[in-house]
Each structure stands twice: as structure tokens, then as C-alpha cells.
$ cat start.cif   # mmCIF, C-alpha atoms and all ligand atoms
data_upload
#
loop_
_atom_site.label_atom_id
_atom_site.label_comp_id
_atom_site.auth_asym_id
_atom_site.auth_seq_id
_atom_site.Cartn_x
_atom_site.Cartn_y
_atom_site.Cartn_z
CA ARG A 1 46.34 -3.15 136.56
CA LEU A 2 47.20 -6.43 134.92
CA ALA A 3 44.12 -8.00 136.37
CA LEU A 4 42.05 -5.21 134.89
CA VAL A 5 43.57 -5.31 131.43
CA TRP A 6 43.68 -9.07 131.21
CA GLY A 7 40.53 -9.83 133.13
CA GLY A 8 39.40 -11.40 129.91
CA VAL A 9 42.07 -14.05 130.09
CA TRP A 10 39.76 -15.76 132.50
CA GLY A 11 40.35 -13.31 135.27
CA ILE A 12 43.08 -15.42 136.76
CA ALA A 13 45.97 -13.19 135.87
CA ALA A 14 45.88 -11.10 139.02
CA ALA A 15 49.18 -9.27 139.46
CA GLY A 16 51.78 -11.60 140.92
CA ASP A 17 49.94 -14.76 139.86
CA PRO A 18 51.79 -17.35 137.80
CA LEU A 19 49.77 -16.73 134.67
CA ALA A 20 50.18 -12.94 134.81
CA ARG A 21 53.80 -13.38 133.82
CA VAL A 22 52.83 -15.36 130.77
CA VAL A 23 50.05 -13.16 129.45
CA ALA A 24 51.50 -9.72 130.14
CA PRO A 25 52.57 -7.89 126.98
CA PRO A 26 56.30 -7.50 127.76
CA TRP A 27 56.77 -11.28 127.94
CA ARG A 28 54.41 -12.40 125.28
CA ALA A 29 57.13 -12.10 122.63
CA ASP A 30 58.84 -15.03 124.35
CA PRO A 31 56.35 -16.91 126.50
CA TYR A 32 58.78 -19.81 126.75
CA ALA A 33 61.09 -17.88 129.05
CA GLN A 34 58.14 -17.52 131.42
CA TYR A 35 56.99 -21.12 131.03
CA ARG A 36 60.45 -22.23 132.22
CA ARG A 37 59.70 -20.61 135.55
CA LEU A 38 56.51 -22.62 135.97
CA SER A 39 56.24 -26.31 136.65
CA GLY A 40 53.54 -28.74 137.68
CA ALA A 41 50.38 -27.00 138.89
CA GLN A 42 50.11 -23.72 140.76
CA ARG A 43 47.14 -22.06 142.38
CA SER A 44 46.65 -18.34 142.05
CA ARG A 45 45.13 -16.04 144.63
CA THR A 46 41.85 -16.14 142.74
CA GLY A 47 41.72 -19.92 143.26
CA ALA A 48 42.32 -20.72 139.60
CA VAL A 49 44.98 -23.27 138.76
CA THR A 50 47.67 -22.98 136.08
CA VAL A 51 49.02 -26.30 134.83
CA ALA A 52 52.33 -26.34 132.98
CA SER A 53 53.84 -29.84 132.96
CA HIS A 54 53.20 -32.33 130.17
CA ALA A 55 51.99 -35.04 132.53
CA LEU A 56 49.52 -32.80 134.37
CA VAL A 57 48.18 -30.97 131.28
CA SER A 58 47.61 -34.33 129.67
CA GLN A 59 45.95 -35.65 132.84
CA VAL A 60 43.60 -32.65 133.15
CA LEU A 61 42.53 -32.81 129.50
CA ARG A 62 41.63 -36.49 129.86
CA ASP A 63 39.96 -36.24 133.24
CA ARG A 64 36.21 -36.52 132.77
CA ARG A 65 35.61 -34.75 136.10
CA LEU A 66 36.56 -31.52 134.33
CA GLY A 67 34.57 -30.03 131.45
CA VAL A 68 34.41 -26.93 129.31
CA ARG A 69 31.29 -25.70 131.15
CA THR A 70 30.46 -25.62 134.81
CA ALA A 71 28.63 -28.63 136.24
CA ASP A 72 25.30 -26.76 135.97
CA GLY A 73 26.04 -25.85 132.34
CA SER A 74 26.46 -22.14 133.00
CA GLU A 75 28.61 -19.82 130.97
CA PRO A 76 32.38 -20.02 131.52
CA ALA A 77 34.59 -16.95 131.30
CA PRO A 78 35.50 -15.09 129.13
CA PHE A 79 31.97 -14.57 127.88
CA ALA A 80 30.62 -14.31 131.39
CA ARG A 81 32.72 -11.14 131.74
CA SER A 82 32.07 -9.58 128.37
CA PRO A 83 30.64 -6.07 128.01
CA LEU A 84 27.82 -7.49 125.85
CA PRO A 85 25.65 -10.47 126.75
CA ALA A 86 27.08 -13.73 125.44
CA GLU A 87 24.03 -14.59 123.34
CA HIS A 88 24.83 -11.59 121.15
CA LEU A 89 28.35 -12.72 120.53
CA VAL A 90 28.87 -16.33 119.72
CA THR A 91 26.87 -19.41 119.24
CA HIS A 92 28.00 -22.38 121.25
CA THR A 93 30.04 -24.78 119.24
CA PHE A 94 30.71 -28.33 120.38
CA LEU A 95 34.18 -27.18 121.42
CA GLU A 96 32.32 -25.40 124.22
CA GLU A 97 29.99 -28.29 125.06
CA ASP A 98 30.33 -31.17 127.49
CA PRO A 99 28.86 -34.64 126.90
CA PRO A 100 26.26 -35.66 125.93
CA ASN A 101 25.83 -32.70 123.54
CA HIS A 102 29.51 -32.74 122.65
CA THR A 103 29.48 -36.45 121.83
CA ARG A 104 26.39 -36.14 119.62
CA LEU A 105 27.59 -33.10 117.63
CA ARG A 106 31.20 -34.20 117.23
CA GLY A 107 29.93 -37.58 116.02
CA LEU A 108 27.94 -35.87 113.26
CA ALA A 109 30.94 -33.85 112.01
CA ARG A 110 33.53 -36.65 112.37
CA PRO A 111 32.96 -38.49 109.05
CA ALA A 112 34.29 -35.50 107.06
CA PHE A 113 37.69 -35.98 108.75
CA GLY A 114 38.14 -39.74 108.29
CA PRO A 115 41.42 -41.07 106.79
CA LYS A 116 39.84 -41.76 103.39
CA GLN A 117 38.37 -38.26 103.18
CA ILE A 118 41.65 -36.63 104.21
CA ALA A 119 43.62 -38.63 101.63
CA GLY A 120 41.08 -37.47 99.04
CA TYR A 121 41.83 -33.81 99.80
CA ARG A 122 45.59 -34.10 99.08
CA GLU A 123 45.45 -33.39 95.40
CA SER A 124 43.37 -30.25 95.79
CA VAL A 125 45.60 -29.03 98.67
CA GLU A 126 48.64 -29.49 96.42
CA LYS A 127 47.01 -27.63 93.54
CA THR A 128 45.99 -24.69 95.72
CA THR A 129 49.45 -24.59 97.33
CA HIS A 130 51.25 -24.32 94.00
CA ARG A 131 48.75 -21.82 92.58
CA LEU A 132 49.27 -19.52 95.57
CA LEU A 133 53.05 -19.93 95.43
CA ASP A 134 53.06 -19.14 91.69
CA ASP A 135 51.51 -15.74 92.51
CA ALA A 136 53.52 -15.09 95.69
CA LEU A 137 56.88 -15.97 94.14
CA ALA A 138 56.21 -13.79 91.11
CA LYS A 139 56.80 -10.84 93.46
CA PRO A 140 60.33 -9.88 94.55
CA VAL A 141 59.06 -9.58 98.15
CA PHE A 142 55.91 -11.31 99.35
CA ASP A 143 54.01 -11.49 102.62
CA LEU A 144 54.00 -15.11 103.69
CA VAL A 145 50.89 -14.59 105.84
CA ALA A 146 48.68 -12.67 103.40
CA ASP A 147 49.90 -14.37 100.24
CA PHE A 148 50.17 -17.97 101.40
CA ALA A 149 49.71 -19.04 105.02
CA SER A 150 46.20 -17.57 105.31
CA PRO A 151 44.65 -18.10 101.87
CA LEU A 152 45.72 -21.76 101.72
CA PRO A 153 43.74 -23.04 104.73
CA ILE A 154 40.84 -20.71 103.88
CA ALA A 155 40.61 -22.21 100.39
CA VAL A 156 40.91 -25.77 101.72
CA ILE A 157 38.26 -25.51 104.44
CA SER A 158 35.91 -23.55 102.17
CA ASP A 159 36.21 -26.29 99.60
CA LEU A 160 35.55 -28.94 102.25
CA LEU A 161 32.44 -27.08 103.42
CA GLY A 162 31.37 -26.21 99.90
CA VAL A 163 31.48 -22.45 100.54
CA PRO A 164 31.55 -20.80 97.10
CA ASP A 165 33.24 -17.56 95.97
CA VAL A 166 35.41 -17.26 99.01
CA ASP A 167 36.43 -13.77 99.92
CA ALA A 168 39.67 -14.64 101.71
CA ASP A 169 40.18 -11.15 103.16
CA THR A 170 36.76 -11.09 104.78
CA PHE A 171 37.22 -14.56 106.28
CA LEU A 172 40.64 -13.54 107.49
CA ARG A 173 39.13 -10.57 109.34
CA TYR A 174 36.39 -12.72 110.91
CA GLY A 175 38.95 -15.32 111.89
CA ARG A 176 41.14 -12.75 113.63
CA VAL A 177 38.20 -11.29 115.57
CA LEU A 178 36.97 -14.71 116.64
CA GLY A 179 40.48 -15.95 117.40
CA ALA A 180 41.17 -12.91 119.58
CA SER A 181 37.97 -13.61 121.53
CA LEU A 182 39.69 -16.70 122.99
CA ASP A 183 41.64 -14.23 125.12
CA GLY A 184 38.44 -12.66 126.35
CA ILE A 185 36.49 -9.66 125.17
CA LYS A 186 38.41 -6.60 126.17
CA SER A 187 36.34 -3.74 124.82
CA VAL A 188 32.91 -2.81 123.58
CA ARG A 189 34.45 -2.37 120.14
CA HIS A 190 35.80 -5.91 120.15
CA ALA A 191 32.40 -7.14 121.34
CA ARG A 192 30.72 -5.34 118.44
CA ASP A 193 33.24 -6.67 115.90
CA LEU A 194 32.62 -10.14 117.24
CA ARG A 195 28.86 -9.75 117.00
CA ASP A 196 29.16 -8.47 113.43
CA ALA A 197 31.50 -11.28 112.35
CA THR A 198 29.24 -13.92 113.89
CA GLY A 199 26.17 -12.31 112.30
CA GLU A 200 27.75 -12.30 108.84
CA LEU A 201 28.89 -15.91 109.14
CA GLN A 202 25.41 -16.94 110.26
CA LYS A 203 23.89 -15.25 107.22
CA LEU A 204 26.34 -17.02 104.93
CA PHE A 205 25.66 -20.43 106.46
CA LEU A 206 21.88 -19.93 106.55
CA ARG A 207 22.01 -19.36 102.80
CA LEU A 208 24.17 -22.44 102.27
CA ILE A 209 21.91 -24.57 104.47
CA GLU A 210 18.92 -23.48 102.39
CA GLU A 211 20.76 -24.37 99.18
CA ARG A 212 21.90 -27.78 100.46
CA THR A 213 18.41 -28.60 101.69
CA ALA A 214 17.12 -28.07 98.15
CA ASP A 215 20.14 -29.59 96.42
CA PRO A 216 22.35 -31.80 98.63
CA GLY A 217 25.97 -32.46 97.64
CA PRO A 218 28.89 -34.56 98.96
CA ASP A 219 30.02 -31.85 101.43
CA VAL A 220 29.83 -31.89 105.22
CA ILE A 221 27.08 -29.22 105.33
CA SER A 222 24.79 -31.50 103.30
CA THR A 223 25.51 -34.34 105.75
CA LEU A 224 24.59 -32.07 108.66
CA VAL A 225 21.45 -30.86 106.87
CA GLU A 226 20.35 -34.51 106.52
CA ALA A 227 20.92 -35.00 110.25
CA LEU A 228 18.79 -31.92 110.88
CA GLY A 229 16.02 -33.55 108.87
CA ARG A 230 16.28 -36.64 111.12
CA GLY A 231 16.06 -34.42 114.21
CA GLU A 232 19.61 -35.25 115.35
CA LEU A 233 20.57 -31.62 115.90
CA THR A 234 18.86 -28.23 116.00
CA GLU A 235 19.24 -25.52 113.38
CA GLN A 236 21.24 -23.43 115.86
CA GLU A 237 23.61 -26.35 116.46
CA LEU A 238 23.97 -26.85 112.73
CA LEU A 239 24.93 -23.21 112.29
CA SER A 240 27.44 -23.21 115.11
CA THR A 241 29.04 -26.45 113.87
CA CYS A 242 29.54 -24.88 110.43
CA GLU A 243 31.13 -21.83 112.04
CA LEU A 244 33.41 -23.94 114.20
CA LEU A 245 34.64 -25.99 111.25
CA LEU A 246 35.30 -22.87 109.21
CA ILE A 247 37.12 -20.87 111.86
CA ALA A 248 38.97 -23.76 113.54
CA GLY A 249 39.87 -24.89 110.04
CA PHE A 250 41.92 -21.89 109.05
CA GLU A 251 42.92 -19.69 111.97
CA THR A 252 45.20 -22.26 113.53
CA THR A 253 46.53 -23.82 110.33
CA SER A 254 47.49 -20.42 109.00
CA ASN A 255 49.56 -19.91 112.16
CA LEU A 256 51.11 -23.34 111.84
CA ILE A 257 52.45 -22.43 108.39
CA GLY A 258 53.61 -18.96 109.45
CA ASN A 259 55.26 -20.25 112.63
CA ALA A 260 56.92 -23.04 110.61
CA VAL A 261 58.58 -20.71 108.12
CA HIS A 262 59.59 -18.24 110.84
CA THR A 263 61.18 -21.03 112.87
CA PHE A 264 62.99 -22.52 109.88
CA ALA A 265 64.36 -19.08 108.92
CA ALA A 266 65.98 -18.93 112.36
CA HIS A 267 67.36 -22.48 111.93
CA PRO A 268 68.90 -22.66 108.42
CA ASP A 269 70.53 -26.04 109.15
CA GLN A 270 67.07 -27.54 109.72
CA TRP A 271 65.75 -25.96 106.51
CA ALA A 272 68.71 -27.49 104.64
CA ALA A 273 67.93 -30.88 106.22
CA LEU A 274 64.30 -30.69 105.08
CA ARG A 275 65.30 -29.60 101.58
CA ALA A 276 67.77 -32.49 101.35
CA ASP A 277 65.11 -34.99 102.44
CA PRO A 278 61.51 -33.84 101.83
CA SER A 279 60.22 -37.08 103.38
CA LEU A 280 61.00 -35.35 106.70
CA ALA A 281 58.06 -32.95 106.12
CA PRO A 282 55.52 -34.79 108.37
CA ALA A 283 58.07 -34.92 111.22
CA ALA A 284 58.91 -31.25 110.61
CA VAL A 285 55.22 -30.33 110.99
CA ASP A 286 55.06 -32.05 114.36
CA GLU A 287 58.29 -30.43 115.53
CA VAL A 288 56.92 -26.98 114.59
CA LEU A 289 53.68 -27.77 116.42
CA ARG A 290 55.71 -28.74 119.47
CA TYR A 291 58.12 -25.82 119.29
CA GLU A 292 55.70 -22.97 118.38
CA SER A 293 52.20 -24.20 119.14
CA PRO A 294 49.50 -22.12 117.34
CA VAL A 295 47.25 -22.69 120.38
CA GLN A 296 49.24 -21.93 123.52
CA MET A 297 46.64 -22.72 126.14
CA THR A 298 43.16 -23.98 126.82
CA GLN A 299 40.96 -24.15 129.89
CA ARG A 300 38.81 -26.56 131.82
CA LEU A 301 36.33 -26.25 134.70
CA PRO A 302 36.19 -28.91 137.43
CA HIS A 303 32.67 -30.26 137.94
CA GLU A 304 33.65 -31.22 141.48
CA ASP A 305 36.61 -30.39 143.74
CA VAL A 306 39.68 -32.12 142.31
CA GLU A 307 43.37 -32.34 143.09
CA ILE A 308 45.88 -31.64 140.34
CA GLY A 309 49.51 -32.39 141.11
CA GLY A 310 48.90 -31.86 144.81
CA VAL A 311 47.03 -28.58 144.22
CA LYS A 312 43.34 -28.27 144.98
CA ALA A 313 41.05 -26.96 142.23
CA ARG A 314 37.56 -26.21 143.44
CA ALA A 315 34.47 -26.97 141.38
CA GLY A 316 33.77 -24.18 138.89
CA THR A 317 37.16 -22.44 139.13
CA LEU A 318 39.30 -22.20 136.06
CA VAL A 319 42.12 -24.53 135.23
CA ALA A 320 44.44 -23.06 132.60
CA CYS A 321 46.33 -25.73 130.66
CA LEU A 322 49.51 -24.34 129.13
CA LEU A 323 49.93 -26.47 126.01
CA GLY A 324 52.96 -24.42 124.91
CA ALA A 325 54.69 -25.08 128.24
CA ALA A 326 53.86 -28.81 128.21
CA ASN A 327 55.49 -29.03 124.77
CA ARG A 328 58.77 -27.79 126.24
CA ASP A 329 58.73 -30.00 129.31
CA PRO A 330 62.28 -31.34 129.85
CA GLU A 331 60.84 -34.45 131.52
CA VAL A 332 59.43 -35.48 128.13
CA PHE A 333 61.56 -33.75 125.48
CA THR A 334 65.35 -33.80 125.69
CA ASP A 335 66.79 -30.30 125.37
CA PRO A 336 63.26 -28.96 124.74
CA ASP A 337 64.26 -25.49 123.51
CA ARG A 338 66.18 -26.99 120.60
CA PHE A 339 64.29 -27.06 117.28
CA ASP A 340 65.17 -30.39 115.71
CA ILE A 341 63.07 -32.05 113.00
CA SER A 342 64.79 -35.38 113.52
CA ARG A 343 63.57 -35.66 117.11
CA PRO A 344 61.94 -39.08 117.54
CA ASP A 345 59.18 -37.85 119.85
CA SER A 346 57.97 -34.49 118.43
CA GLY A 347 54.55 -36.07 117.89
CA ASP A 348 54.04 -36.31 121.65
CA HIS A 349 53.20 -32.58 121.75
CA LEU A 350 49.83 -31.45 123.11
CA SER A 351 49.20 -28.76 120.48
CA PHE A 352 46.05 -30.55 119.31
CA SER A 353 44.94 -30.96 122.94
CA SER A 354 44.00 -34.39 124.30
CA GLY A 355 40.96 -36.29 125.53
CA ILE A 356 37.48 -35.86 124.10
CA HIS A 357 38.16 -32.42 122.56
CA TYR A 358 41.28 -33.61 120.71
CA CYS A 359 41.39 -31.55 117.51
CA LEU A 360 39.02 -33.06 114.99
CA GLY A 361 40.89 -31.44 112.12
CA ALA A 362 44.37 -32.64 113.14
CA PRO A 363 44.80 -34.94 110.10
CA LEU A 364 43.77 -32.10 107.78
CA ALA A 365 46.10 -29.62 109.52
CA ARG A 366 48.96 -32.13 109.26
CA LEU A 367 48.23 -32.68 105.57
CA GLU A 368 48.18 -28.94 104.84
CA GLY A 369 51.36 -28.37 106.83
CA GLU A 370 53.16 -31.22 105.07
CA VAL A 371 52.13 -30.13 101.57
CA ALA A 372 52.97 -26.47 102.31
CA LEU A 373 56.42 -27.25 103.73
CA THR A 374 57.27 -29.68 100.93
CA ALA A 375 56.34 -27.13 98.28
CA LEU A 376 58.18 -24.28 100.03
CA ALA A 377 61.32 -26.39 100.50
CA GLU A 378 61.27 -27.18 96.81
CA ARG A 379 60.56 -23.66 95.58
CA LEU A 380 62.20 -21.40 98.15
CA PRO A 381 65.71 -22.74 98.75
CA GLU A 382 66.67 -19.87 101.02
CA LEU A 383 64.42 -18.16 103.54
CA LYS A 384 65.25 -14.47 103.40
CA PRO A 385 63.10 -12.38 105.77
CA VAL A 386 62.69 -8.71 104.94
CA GLY A 387 62.25 -6.54 108.02
CA ARG A 388 60.82 -7.88 111.26
CA ALA A 389 58.04 -10.38 111.56
CA ARG A 390 54.92 -8.98 113.16
CA TRP A 391 53.31 -11.13 115.85
CA ARG A 392 49.69 -11.17 116.93
CA LYS A 393 48.95 -9.55 120.24
CA THR A 394 46.87 -12.50 121.41
CA VAL A 395 47.82 -14.91 124.16
CA VAL A 396 45.89 -18.08 123.36
CA ILE A 397 46.60 -18.00 119.63
CA ARG A 398 50.27 -17.61 118.70
CA GLY A 399 51.09 -16.58 115.18
CA LEU A 400 52.21 -13.90 112.77
CA THR A 401 50.15 -11.17 111.18
CA ARG A 402 52.83 -10.16 108.68
CA TYR A 403 56.05 -11.79 107.57
CA ARG A 404 57.76 -10.52 104.47
CA LEU A 405 60.23 -12.66 102.58
CA ALA A 406 62.36 -12.03 99.53
CA ARG A 407 62.05 -14.55 96.73
C1 LIG B 501 39.76 -28.53 118.61
C2 LIG B 501 44.26 -27.02 117.70
C3 LIG B 501 43.44 -27.26 112.92
C4 LIG B 501 38.83 -28.39 113.83
C5 LIG B 501 41.06 -28.13 118.76
C6 LIG B 501 41.73 -27.99 120.03
C7 LIG B 501 42.99 -27.56 119.79
C8 LIG B 501 43.13 -27.43 118.35
C9 LIG B 501 44.09 -27.24 120.79
C10 LIG B 501 41.11 -28.35 121.37
C11 LIG B 501 40.98 -27.23 122.35
C12 LIG B 501 40.60 -27.75 123.71
O1 LIG B 501 40.86 -28.91 124.07
O2 LIG B 501 40.03 -26.96 124.48
C13 LIG B 501 44.42 -26.96 116.33
C14 LIG B 501 45.66 -26.63 115.67
C15 LIG B 501 45.43 -26.70 114.32
C16 LIG B 501 44.03 -27.08 114.15
C17 LIG B 501 46.96 -26.27 116.39
C18 LIG B 501 46.34 -26.44 113.17
C19 LIG B 501 47.63 -26.51 113.23
C20 LIG B 501 42.13 -27.61 112.75
C21 LIG B 501 41.50 -27.83 111.47
C22 LIG B 501 40.20 -28.13 111.72
C23 LIG B 501 40.00 -28.13 113.17
C24 LIG B 501 42.18 -27.76 110.09
C25 LIG B 501 39.19 -28.44 110.66
C26 LIG B 501 38.02 -28.03 110.59
C27 LIG B 501 38.70 -28.51 115.20
C28 LIG B 501 37.46 -28.84 115.85
C29 LIG B 501 37.72 -28.88 117.23
C30 LIG B 501 39.12 -28.57 117.39
C31 LIG B 501 36.14 -29.12 115.16
C32 LIG B 501 36.74 -29.17 118.35
C33 LIG B 501 36.88 -30.59 118.79
C34 LIG B 501 36.00 -30.94 119.96
O3 LIG B 501 35.60 -30.07 120.75
O4 LIG B 501 35.65 -32.13 120.08
N1 LIG B 501 41.93 -27.79 117.75
N2 LIG B 501 43.46 -27.21 115.39
N3 LIG B 501 41.20 -27.81 113.76
N4 LIG B 501 39.69 -28.37 116.14
FE1 LIG B 501 41.60 -27.90 115.75
#
$ encode --input "start.cif" --output "C-alpha cells" --more "lines below"
Ligand code: HEM
Amino acid sequence: RLALVWGGVWGIAAAGDPLARVVAPPWRADPYAQYRRLSGAQRSRTGAVTVASHALVSQVLRDRRLGVRTADGSEPAPFARSPLPAEHLVTHTFLEEDPPNHTRLRGLARPAFGPKQIAGYRESVEKTTHRLLDDALAKPVFDLVADFASPLPIAVISDLLGVPDVDADTFLRYGRVLGASLDGIKSVRHARDLRDATGELQKLFLRLIEERTADPGPDVISTLVEALGRGELTEQELLSTCELLLIAGFETTSNLIGNAVHTFAAHPDQWAALRADPSLAPAAVDEVLRYESPVQMTQRLPHEDVEIGGVKARAGTLVACLLGAANRDPEVFTDPDRFDISRPDSGDHLSFSSGIHYCLGAPLARLEGEVALTALAERLPELKPVGRARWRKTVVIRGLTRYRLAR
């Protein structure tokens, strides 16, 4: 039954397989308890390999013999298994491309995330943070997710892309549908929602591309439009790159902020330490990323037969890389289940992946996390949850959908 329900999670979670324990609903609330039972690499009956140690996850992500597509470029799961054909659902972003396409497209988007650009965004991130907190903290009880953790990254990435009149609720809905698709497409309804969200985003970006062609600005879409003019990418690639930047830009960062506050509420001594010394904020962001990674796993496909930690992975079979497990590897992190913002090595987490797909937006995510935590520590001395936090039901993306706090 598990294999049926979770076929979307790459079809490797056949009952009794190592990954089944991690993805099954009863254990999702605490995947870490399951991760502790896994180590190194393990092969499931379907031939897929689950990799859980820091050394091996890191090795797989850097190994150029594995890609995000099969060697012949064919569709990887979960879209291969979806109830609607993949071309109706998503456009391929460079996250789902191998070199040379990946190298070319990532290279075109990279300048928007350079150190100078990121430093230039700080002031506007701070302004948006305080504006949102002014409104949230005017209420006796506010929802951290809806009032702060989601609208902040949406506003920041929209600004960076030059998307005007942002309707945060609509983006939030699209983001959730697209984020959930990382687990696979489990129903016709989900497939339809995904098609609709993608269609709406395409319409929005087509309009923006038209506008920037006529009237270029300093934003990343204008840069990509210029590259289109030089024939360096196709219109379809331009569209999918815009979508990737938008969705990758807020889904995960929103979860970083939610997971951070939730974790600090459970560790008041650490909140007190951050409040006493706000210069700890960057280290705190990395410790949250390590402790409660917004992206718990990713996947790769060997282009040839390879051996991973003594386990054979055949060409074309899935290799699931458990980033959340690697981040709690006792070989790398002393007492890994302890949340401690003064840890010297929190930054060694794999939450931004590794190798050629290493998160392009990591400096922006770190900036947003740092500004958000600094402002919250200053303005919300005590974290007082009201009721229970509500978690997403997804496996790949870990985060909250609702988290109410009293002022
Ligand atoms: C890729 C995590 C924020 C843009 C990735 C990957 C991970 C990740 C794990 C690689 C997946 C893989 O190797 O298969 C995160 C987390 C974030 C975050 C945890 C927040 C805490 C952002 C932001 C942006 C962004 C703010 C800005 C637009 C991207 C892009 C890629 C990517 C463009 C694709 C890189 C490539 O394929 O070369 N991210 N991300 N991310 N991320 Fe992020």
C-alpha cells in the first residue's frame, strides 16, 4: 500500500524499503528518528539507493557520473509517473538539467546573486521585514507563516525579478502546489492544480518579458531578455528560469523562517542567547538550516553503473540523497540532535545541496534569514506559541503551514 500511495516519491518506497520508513505519514512528524536508523547507503528492492551519511551524500552530489536526468536525457520520476503528461505540468528549469544546458542557463542567472547584488538588497529586506512585523505585531495573536514567513520572501524575490503588484496569497498557493510536486504527483486533481499554477505563472512572465523587451530595467528578467536577443537561450528556457527563480526564491526561505522560530520556541535558552548577542544571527541561520532543513532530500540518476559506499547503483535508477539525515550525521556533528547556535561547524550542512546544483540563492536566503531573526529577536522577546503548529504533509519540503504566536 505504501508503494501505491507514495509511488510519487520516486517509486522507491516499496513497503519494507529504507525510504518507506522516512516518507510514511506516521513518521513524517519526526523524520530524524527514522534517519537515525539509516546509515551510509542502502539499496532497496526496486534497485534504488538511499544515501544518508554526510560523506556519501556529499560525494554523490559532487560526482559528475550522476545527473538529474538519465544519460539519454529522458524524463526522471516523478513526472514520468504522473497521471498527466509531463509537458502539461512543468517546464524544465535548469535545476532539472544536466550540463551543458545547466551550465549555460545557470551562468545567465548567476550575476543577479553576486555578493555586490546581495549586499545591495539588504536595505530593502530590512524595510520589508519591519513593515510586515509592524502589521503582524499589531495583532494580539498572529500567524507567523501567513503574516511574516511567507510574505517576506515573496516580496523580496518579486522585487528582485521586478514583478509588480504582487498578490502574495496567489503566489503562496502556486508555491505550495509546485513545492508539493517535488514529492510526486499523487492525483489528477494535483496534476490539474499544477498545470493551472504553471499556466498562470507563464502568463505573468510572458507579460513581463514583453514589457522588459520594450523597456529594459536593472532586474534579472531584463538581463535574460537581452540574452534571448543574443540567442543564448530560448523563450521557453527564459520562462522556466523566471519560474524557477520565483518559486525557489520563496518556498524554501519561507520554511527556513518558520522552522527557525518553531525551533527557537522549543529552545528558549538559544533564543535568549541570540537576543543577548544579535551578531549570532548568521550562525543561528546555519544551525536552523542544519537542524530543520527546508529541503529534506534530493535525487540523482547515475549515467553509468556506479558504486556508492559499497552499494551498486545501476545506470538510470534513482539515488535518494537524504540531506536532512546528512545534517545529523554524528561523524560530522557532535551530538547532532542538539540545537546549538554556537556550534562551530553548523555551516557544514548540506541543506543547500552541493556540487553543480548548489543553491544559487543561498546568499539571498542567508541574508533574509539573518535579517528576519535579528528583527524578531529585537521585537519579540518571548516566543509564545498559541495552539499547535501545523506542518506540511510533504516529504521533500519540510515546513509549517500555520504557526500562531501571541505578541
Ligand atoms: C537549488 C535549497 C533559497 C534559488 C537549490 C537546491 C537546494 C536548495 C537543496 C539544490 C537541489 C538539488 O541539488 O537537487 C534552498 C533552501 C533555501 C533556498 C533550503 C532557503 C533556505 C533559494 C533562494 C533562491 C534559490 C532565495 C533565489 C532565487 C535556487 C536555484 C537553484 C536552487 C536557482 C537551482 C540551482 C542549480 O540547479 O544550479 N536550492 N534554496 N534558492 N536554488 Fe535554492
$ atom_distance --input "start.cif" --atom1 "atom CA of A:Tyr403" --atom2 "atom CA of A:Ala29"
15.1 Å
$ residues_near_ligand --input "start.cif" --ligand "ligand LIG 501 (chain B)" --cutoff "8 Å" --atoms "all atoms listed in the file" --output "ChimeraX atom specification"
/A:61,68,93-97,102-103,106,109,113,153,157,241,244-257,289,293-300,323,350-366,369
$ atom_distance --input "start.cif" --atom1 "atom CA of A:Gly309" --atom2 "atom CA of A:Thr46"
18.0 Å
$ closest_atom_pairs --input "start.cif" --of "stretch 157-178 of chain A" --to "stretch 184-190 of chain A" --cutoff "12 Å" --atoms "all atoms listed in the file" --output "CSV"
residue,atom,partner,partner_atom,distance
A:Tyr174,CA,A:His190,CA,11.5
A:Arg176,CA,A:His190,CA,10.9
A:Val177,CA,A:His190,CA,7.5
A:Leu178,CA,A:His190,CA,9.5
$ residues_near_point --input "start.cif" --point "(44.1, -24.3, 140.9)" --cutoff "7 Å" --atoms "all atoms listed in the file" --output "list in words"
Gln42, Arg43, Ser44, Gly47, Ala48, Val49, Thr50, Val311, Lys312, Ala313 and Val319 of chain A
$ residues_around --input "start.cif" --residues "A:Leu132" --least-positions-apart "6" --cutoff "12 Å" --atoms "only C-alpha atoms" --output "ChimeraX atom specification"
/A:125-126,138-139,142-155,372,375-376
$ atom_distance --input "start.cif" --atom1 "atom CA of A:Arg328" --atom2 "atom CA of A:Ala273"
22.2 Å
$ residues_around --input "start.cif" --residues "A:Pro282" --least-positions-apart "3" --cutoff "7 Å" --atoms "only C-alpha atoms" --output "ChimeraX atom specification"
/A:285-286,370
$ residues_around --input "start.cif" --residues "A:Leu66" --least-positions-apart "5" --cutoff "7 Å" --atoms "only C-alpha atoms" --output "list in words"
Arg300, Leu301, Pro302 and His303 of chain A
$ write_last_selection --input "start.cif" --atoms "C-alpha atoms" --output "JSON list (two decimals), in the coordinates of the input"
[["chain", "number", "residue", "atom", "x", "y", "z"],
["A", 300, "ARG", "CA", 38.81, -26.56, 131.82],
["A", 301, "LEU", "CA", 36.33, -26.25, 134.70],
["A", 302, "PRO", "CA", 36.19, -28.91, 137.43],
["A", 303, "HIS", "CA", 32.67, -30.26, 137.94]]
$ closest_residue --input "start.cif" --among "A:Asn259, A:Glu237, A:Gly199, A:Glu210" --to "A:Ser222" --atoms "all atoms listed in the file"
A:Glu210
$ residues_near_point --input "start.cif" --point "(22.1, -28.3, 100.9)" --cutoff "12 Å" --atoms "all atoms listed in the file" --output "number ranges by chain"
A: 161-163, 205-229
$ write_last_selection --input "start.cif" --atoms "C-alpha atoms" --output "compact mmCIF listing (two decimals), in the coordinates of the input"
# COMPACT_ATOMS: atom_id res chain seq x y z
CA LEU A 161 32.44 -27.08 103.42
CA GLY A 162 31.37 -26.21 99.90
CA VAL A 163 31.48 -22.45 100.54
CA PHE A 205 25.66 -20.43 106.46
CA LEU A 206 21.88 -19.93 106.55
CA ARG A 207 22.01 -19.36 102.80
CA LEU A 208 24.17 -22.44 102.27
CA ILE A 209 21.91 -24.57 104.47
CA GLU A 210 18.92 -23.48 102.39
CA GLU A 211 20.76 -24.37 99.18
CA ARG A 212 21.90 -27.78 100.46
CA THR A 213 18.41 -28.60 101.69
CA ALA A 214 17.12 -28.07 98.15
CA ASP A 215 20.14 -29.59 96.42
CA PRO A 216 22.35 -31.80 98.63
CA GLY A 217 25.97 -32.46 97.64
CA PRO A 218 28.89 -34.56 98.96
CA ASP A 219 30.02 -31.85 101.43
CA VAL A 220 29.83 -31.89 105.22
CA ILE A 221 27.08 -29.22 105.33
CA SER A 222 24.79 -31.50 103.30
CA THR A 223 25.51 -34.34 105.75
CA LEU A 224 24.59 -32.07 108.66
CA VAL A 225 21.45 -30.86 106.87
CA GLU A 226 20.35 -34.51 106.52
CA ALA A 227 20.92 -35.00 110.25
CA LEU A 228 18.79 -31.92 110.88
CA GLY A 229 16.02 -33.55 108.87
$ axis_aligned_box --input "start.cif" --around "stretch 176-193 of chain A" --padding-each-side "6 Å" --output "AutoDock Vina command-line options"
--center_x 36.2 --center_y -9.5 --center_z 120.0 --size_x 22.9 --size_y 26.3 --size_z 24.7
